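What follows is input16.csv (CSV, C-alpha atoms).
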chain,number,residue,atom,x,y,z
A,2,LEU,CA,-42.5,61.1,-101.7
A,3,ALA,CA,-42.6,64.2,-103.9
A,4,ALA,CA,-43.4,66.3,-100.8
A,5,GLU,CA,-40.3,65.0,-99.0
A,6,ILE,CA,-38.0,65.5,-102.0
A,7,GLY,CA,-39.6,68.7,-103.3
A,8,ASN,CA,-40.6,69.9,-106.7
A,9,GLY,CA,-37.8,70.0,-109.2
A,10,PRO,CA,-37.3,69.8,-112.9
A,11,VAL,CA,-38.1,66.6,-114.8
A,12,LEU,CA,-35.2,65.5,-117.0
A,13,PRO,CA,-36.1,62.5,-119.2
A,14,CYS,CA,-33.4,60.1,-120.0
A,15,ASP,CA,-33.3,56.9,-122.1
A,16,LEU,CA,-31.0,54.7,-120.0
A,17,ASN,CA,-30.5,52.3,-122.9
A,18,ASN,CA,-28.9,55.2,-124.9
A,19,LYS,CA,-25.3,56.2,-124.1
A,20,ASP,CA,-25.7,59.8,-125.4
A,21,SER,CA,-28.9,60.3,-123.3
A,22,VAL,CA,-27.3,59.0,-120.2
A,23,GLU,CA,-24.1,61.0,-120.6
A,24,ALA,CA,-26.2,64.2,-121.1
A,25,LEU,CA,-28.3,63.7,-117.9
A,26,ILE,CA,-25.8,64.9,-115.2
A,27,PRO,CA,-24.7,68.0,-117.1
A,28,ASP,CA,-28.4,68.8,-117.8
A,29,ALA,CA,-29.2,68.3,-114.1
A,30,GLU,CA,-26.3,70.6,-113.1
A,31,LYS,CA,-27.6,73.3,-115.4
A,32,ALA,CA,-31.2,72.9,-114.1
A,33,LEU,CA,-30.3,72.6,-110.4
A,34,GLY,CA,-27.1,74.5,-110.1
A,35,GLN,CA,-25.3,71.5,-108.5
A,36,VAL,CA,-25.7,67.8,-108.1
A,37,ASP,CA,-25.1,66.6,-104.5
A,38,ILE,CA,-27.1,63.4,-104.5
A,39,LEU,CA,-27.6,60.7,-107.1
A,40,VAL,CA,-29.9,57.8,-106.5
A,41,CYS,CA,-29.6,55.1,-109.2
A,42,ASN,CA,-32.9,53.3,-109.0
A,43,ALA,CA,-33.5,52.1,-112.6
A,44,GLY,CA,-34.1,48.4,-113.1
A,45,ILE,CA,-35.7,46.4,-115.9
A,46,THR,CA,-36.1,42.6,-116.3
A,47,LYS,CA,-36.0,40.4,-119.3
A,48,ASP,CA,-36.4,37.1,-117.6
A,49,ASN,CA,-35.7,33.7,-119.1
A,50,LEU,CA,-33.9,30.5,-118.3
A,51,PHE,CA,-30.2,30.9,-118.8
A,52,VAL,CA,-29.9,28.6,-121.8
A,53,GLN,CA,-32.8,30.5,-123.5
A,54,LEU,CA,-31.6,34.0,-122.7
A,55,LYS,CA,-31.1,36.1,-125.8
A,56,ASP,CA,-28.1,38.2,-126.3
A,57,GLU,CA,-30.2,41.4,-126.8
A,58,ASP,CA,-32.1,40.7,-123.5
A,59,TRP,CA,-28.8,40.3,-121.7
A,60,GLU,CA,-27.3,43.4,-123.2
A,61,GLN,CA,-30.4,45.6,-122.6
A,62,VAL,CA,-30.7,44.7,-118.9
A,63,LEU,CA,-27.0,45.3,-118.4
A,64,ASN,CA,-27.1,48.6,-120.2
A,65,VAL,CA,-30.1,49.9,-118.2
A,66,ASN,CA,-29.4,48.5,-114.8
A,67,LEU,CA,-25.6,48.6,-114.6
A,68,THR,CA,-23.9,50.5,-117.4
A,69,SER,CA,-26.2,53.5,-117.0
A,70,THR,CA,-25.5,53.5,-113.3
A,71,PHE,CA,-21.8,53.5,-114.0
A,72,ARG,CA,-22.0,56.4,-116.4
A,73,LEU,CA,-24.3,58.5,-114.3
A,74,ALA,CA,-22.3,57.9,-111.2
A,75,ARG,CA,-19.0,58.7,-112.9
A,76,ALA,CA,-20.3,62.0,-114.2
A,77,ALA,CA,-21.9,62.9,-110.8
A,78,VAL,CA,-18.9,61.9,-108.8
A,79,LYS,CA,-16.6,64.3,-110.7
A,80,LEU,CA,-18.8,67.2,-109.6
A,81,MET,CA,-19.1,65.8,-106.0
A,82,MET,CA,-15.3,65.4,-105.6
A,83,ARG,CA,-14.7,69.0,-106.5
A,84,LYS,CA,-17.2,70.2,-103.8
A,85,ARG,CA,-15.9,67.6,-101.4
A,86,PHE,CA,-19.4,66.5,-100.7
A,87,GLY,CA,-21.8,64.0,-102.3
A,88,ARG,CA,-24.1,61.1,-101.8
A,89,LEU,CA,-24.2,58.3,-104.3
A,90,ILE,CA,-27.0,55.7,-103.6
A,91,GLY,CA,-27.7,52.6,-105.7
A,92,ILE,CA,-30.8,50.6,-105.3
A,93,THR,CA,-29.8,47.0,-105.9
A,94,SER,CA,-31.6,43.9,-104.9
A,95,VAL,CA,-31.4,41.0,-102.5
A,96,VAL,CA,-31.2,38.7,-105.6
A,97,GLY,CA,-27.9,40.3,-106.4
A,98,VAL,CA,-26.6,38.3,-103.4
A,99,THR,CA,-28.9,35.2,-103.4
A,100,GLY,CA,-29.5,34.8,-107.2
A,101,ASN,CA,-32.9,34.0,-108.7
A,102,PRO,CA,-33.8,31.4,-111.3
A,103,GLY,CA,-34.7,32.9,-114.6
A,104,GLN,CA,-32.9,36.1,-113.8
A,105,ALA,CA,-29.2,35.6,-114.6
A,106,ASN,CA,-29.0,39.0,-116.4
A,107,TYR,CA,-30.9,40.9,-113.7
A,108,THR,CA,-29.0,39.3,-110.8
A,109,ALA,CA,-25.7,39.9,-112.5
A,110,THR,CA,-26.5,43.6,-112.8
A,111,LYS,CA,-27.5,43.9,-109.1
A,112,ALA,CA,-24.5,42.0,-108.0
A,113,GLY,CA,-22.4,44.2,-110.2
A,114,MET,CA,-23.8,47.3,-108.5
A,115,ILE,CA,-22.9,45.9,-105.1
A,116,GLY,CA,-19.3,45.3,-106.2
A,117,MET,CA,-19.1,48.7,-107.8
A,118,THR,CA,-20.4,50.3,-104.7
A,119,ARG,CA,-17.8,48.6,-102.5
A,120,SER,CA,-15.0,49.7,-104.7
A,121,VAL,CA,-16.1,53.2,-105.4
A,122,SER,CA,-16.9,53.9,-101.8
A,123,ARG,CA,-13.2,53.1,-100.9
A,124,GLU,CA,-12.0,55.5,-103.6
A,125,LEU,CA,-14.2,58.4,-102.6
A,126,ALA,CA,-14.5,58.3,-98.8
A,127,SER,CA,-11.5,60.7,-98.4
A,128,ARG,CA,-13.2,63.2,-100.6
A,129,LYS,CA,-16.3,63.2,-98.3
A,130,VAL,CA,-18.5,61.5,-101.0
A,131,THR,CA,-20.4,58.5,-99.6
A,132,VAL,CA,-21.3,55.6,-101.8
A,133,ASN,CA,-23.9,53.1,-100.6
A,134,ALA,CA,-26.2,50.5,-101.9
A,135,ILE,CA,-29.6,49.4,-100.6
A,136,ALA,CA,-30.6,45.9,-101.4
A,137,PRO,CA,-34.3,45.5,-100.5
A,138,GLY,CA,-36.1,42.3,-100.8
A,139,PHE,CA,-39.2,42.0,-103.0
A,140,ILE,CA,-41.0,45.4,-103.1
A,141,GLU,CA,-44.6,45.9,-104.5
A,142,THR,CA,-43.9,47.4,-107.9
A,143,GLU,CA,-45.0,46.8,-111.5
A,144,MET,CA,-41.9,44.6,-111.9
A,145,THR,CA,-42.8,42.3,-109.0
A,146,ALA,CA,-46.5,42.2,-110.1
A,147,ALA,CA,-45.4,40.8,-113.4
A,148,LEU,CA,-44.0,37.7,-111.6
A,149,GLY,CA,-47.6,36.5,-111.1
A,150,ASP,CA,-49.6,35.5,-108.1
A,151,SER,CA,-48.2,31.9,-107.6
A,152,ILE,CA,-44.6,33.1,-107.6
A,153,LEU,CA,-45.4,36.0,-105.3
A,154,GLU,CA,-47.2,33.7,-102.8
A,155,GLU,CA,-44.2,31.4,-102.8
A,156,VAL,CA,-41.8,34.3,-102.3
A,157,GLN,CA,-43.8,35.6,-99.4
A,158,THR,CA,-43.4,32.3,-97.5
A,159,ARG,CA,-39.7,33.0,-97.4
A,160,ILE,CA,-40.0,36.5,-96.1
A,161,PRO,CA,-40.2,36.7,-92.2
A,162,VAL,CA,-43.0,39.3,-92.2
A,163,LYS,CA,-44.9,37.3,-94.9
A,164,ARG,CA,-45.5,40.2,-97.3
A,165,LEU,CA,-43.7,42.2,-99.9
A,166,GLY,CA,-42.3,45.6,-98.9
A,167,LYS,CA,-43.7,48.9,-100.0
A,168,PRO,CA,-41.8,51.6,-101.9
A,169,ASP,CA,-42.3,54.0,-99.0
A,170,GLU,CA,-40.4,51.6,-96.8
A,171,VAL,CA,-37.3,52.0,-98.9
A,172,VAL,CA,-37.6,55.8,-99.2
A,173,GLY,CA,-36.6,56.2,-95.5
A,174,ALA,CA,-33.3,54.5,-96.1
A,175,VAL,CA,-32.6,56.6,-99.1
A,176,LEU,CA,-33.4,59.8,-97.3
A,177,TYR,CA,-31.2,58.8,-94.4
A,178,LEU,CA,-28.2,57.9,-96.6
A,179,ALA,CA,-28.7,61.1,-98.6
A,180,SER,CA,-28.5,63.2,-95.4
A,181,THR,CA,-25.5,64.6,-93.6
A,182,VAL,CA,-26.3,62.4,-90.6
A,183,ALA,CA,-25.0,59.5,-92.6
A,184,SER,CA,-21.6,60.9,-93.3
A,185,TYR,CA,-19.9,58.0,-91.7
A,186,LEU,CA,-21.7,55.3,-93.7

For the structure just supplied, provide its representation as structure tokens.
Amino acid sequence: LAAEIGNGPVLPCDLNNKDSVEALIPDAEKALGQVDILVCNAGITKDNLFVQLKDEDWEQVLNVNLTSTFRLARAAVKLMMRKRFGRLIGITSVVGVTGNPGQANYTATKAGMIGMTRSVSRELASRKVTVNAIAPGFIETEMTAALGDSILEEVQTRIPVKRLGKPDEVVGAVLYLASTVASYL
């Protein structure tokens, strides 16, 4: 993946900290000269049954997964609109559409990203800024590994290809949506 994207500066950001999030896009513009593409791919889980879900777990998942996406996108879009070019890509999840037991907070954030994408794409299309979301199914990551073998085996029975996806299989969609070839989408 790094070979396809290239080597660039590493700009750490605490997505649970408003000041850190709001500094990232200006820092990226200084480091890169411009910001044409933003991929919002952060996601954390704090799973629990709905009636046992703690307020702080709800708030942290919303802050990292949805609120930081909003703040980063808002800052980046201001730069993109001036240039009349930009690509905003959110990585959401299939559970944002289907729901998933024990993940009310996570699914709410991913559903929120889908709704935000639909609204913002209508606002920015005339400015040549595309806004898209990719909602992959279950992908082999540390997050899905934490679900445990029995849950993953059950999940795979519902997937037509009977396996989890690989991160590289999502990268192609991101690269396509980031390209000028996808200017209509």

(request) Step by step: start from the point (-25.8, 53.8, -109.9) in the file's coordinates, keep every protein, DNA or RNA residue that has an atom no farther than 9 Å from it, count all atoms listed in the file, and write the set as a list in words. (result)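 Using all atoms listed in the file, the matching residues come out as Leu39, Val40, Cys41, Asn42, Ala43, Asn66, Leu67, Thr68, Ser69, Thr70, Phe71, Arg72, Leu73, Ala74, Arg75, Leu89, Ile90, Gly91, Ile92, Thr93, Met114, Met117, Thr118 and Ala134 of chain A.
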
For the residues selected in the previous step, produce a file with C-alpha atoms as a PDB file, in the coordinates of the input.
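See part-v2.pdb below for the written result:
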ATOM      1  CA  LEU A  39     -27.600  60.700-107.100  1.00  0.00           C
ATOM      2  CA  VAL A  40     -29.900  57.800-106.500  1.00  0.00           C
ATOM      3  CA  CYS A  41     -29.600  55.100-109.200  1.00  0.00           C
ATOM      4  CA  ASN A  42     -32.900  53.300-109.000  1.00  0.00           C
ATOM      5  CA  ALA A  43     -33.500  52.100-112.600  1.00  0.00           C
ATOM      6  CA  ASN A  66     -29.400  48.500-114.800  1.00  0.00           C
ATOM      7  CA  LEU A  67     -25.600  48.600-114.600  1.00  0.00           C
ATOM      8  CA  THR A  68     -23.900  50.500-117.400  1.00  0.00           C
ATOM      9  CA  SER A  69     -26.200  53.500-117.000  1.00  0.00           C
ATOM     10  CA  THR A  70     -25.500  53.500-113.300  1.00  0.00           C
ATOM     11  CA  PHE A  71     -21.800  53.500-114.000  1.00  0.00           C
ATOM     12  CA  ARG A  72     -22.000  56.400-116.400  1.00  0.00           C
ATOM     13  CA  LEU A  73     -24.300  58.500-114.300  1.00  0.00           C
ATOM     14  CA  ALA A  74     -22.300  57.900-111.200  1.00  0.00           C
ATOM     15  CA  ARG A  75     -19.000  58.700-112.900  1.00  0.00           C
ATOM     16  CA  LEU A  89     -24.200  58.300-104.300  1.00  0.00           C
ATOM     17  CA  ILE A  90     -27.000  55.700-103.600  1.00  0.00           C
ATOM     18  CA  GLY A  91     -27.700  52.600-105.700  1.00  0.00           C
ATOM     19  CA  ILE A  92     -30.800  50.600-105.300  1.00  0.00           C
ATOM     20  CA  THR A  93     -29.800  47.000-105.900  1.00  0.00           C
ATOM     21  CA  MET A 114     -23.800  47.300-108.500  1.00  0.00           C
ATOM     22  CA  MET A 117     -19.100  48.700-107.800  1.00  0.00           C
ATOM     23  CA  THR A 118     -20.400  50.300-104.700  1.00  0.00           C
ATOM     24  CA  ALA A 134     -26.200  50.500-101.900  1.00  0.00           C
TER      25      ALA A 134
END

(request) Have a look at A:Gly44, A:Asn133, A:Glu57, A:Gly116 and name the one nearest to Leu178 in chain A; count only C-alpha atoms. (result) A:Asn133

(request) Select, from A:Ile38, A:Val52, A:Val65, A:Ala146, the residue with the minimum atom-to-atom distance to Asp15 in chain A, counting all atoms listed in the file. (result)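 Closest residue, counting all atoms listed in the file: A:Val65.
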
(request) Name the closest residue to Met81 in chain A among the candidates A:Ser120, A:Thr131, A:Asn64, A:Ser21; distances are taken between atoms, counting only C-alpha atoms. (result) A:Thr131

(request) Give me the residues within 6 Å of Val130 in chain A as number ranges by chain, counting all atoms listed in the file and dropping any in the same chain fewer than 6 places off. (result) A: 86-88

(request) Just give me the gap between CA of Val62 in chain A and CA of Lys19 in chain A in Å, one decimal is fine. (result)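 Separation between CA of Val62 in chain A and CA of Lys19 in chain A: 13.7 Å.
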
(request) Could you give me, as number ranges by chain, the residues that sit within 7 Å of (-27.4, 49.4, -124.8) in the file's coordinates, counting only C-alpha atoms? (result) A: 17-18, 60-61, 64
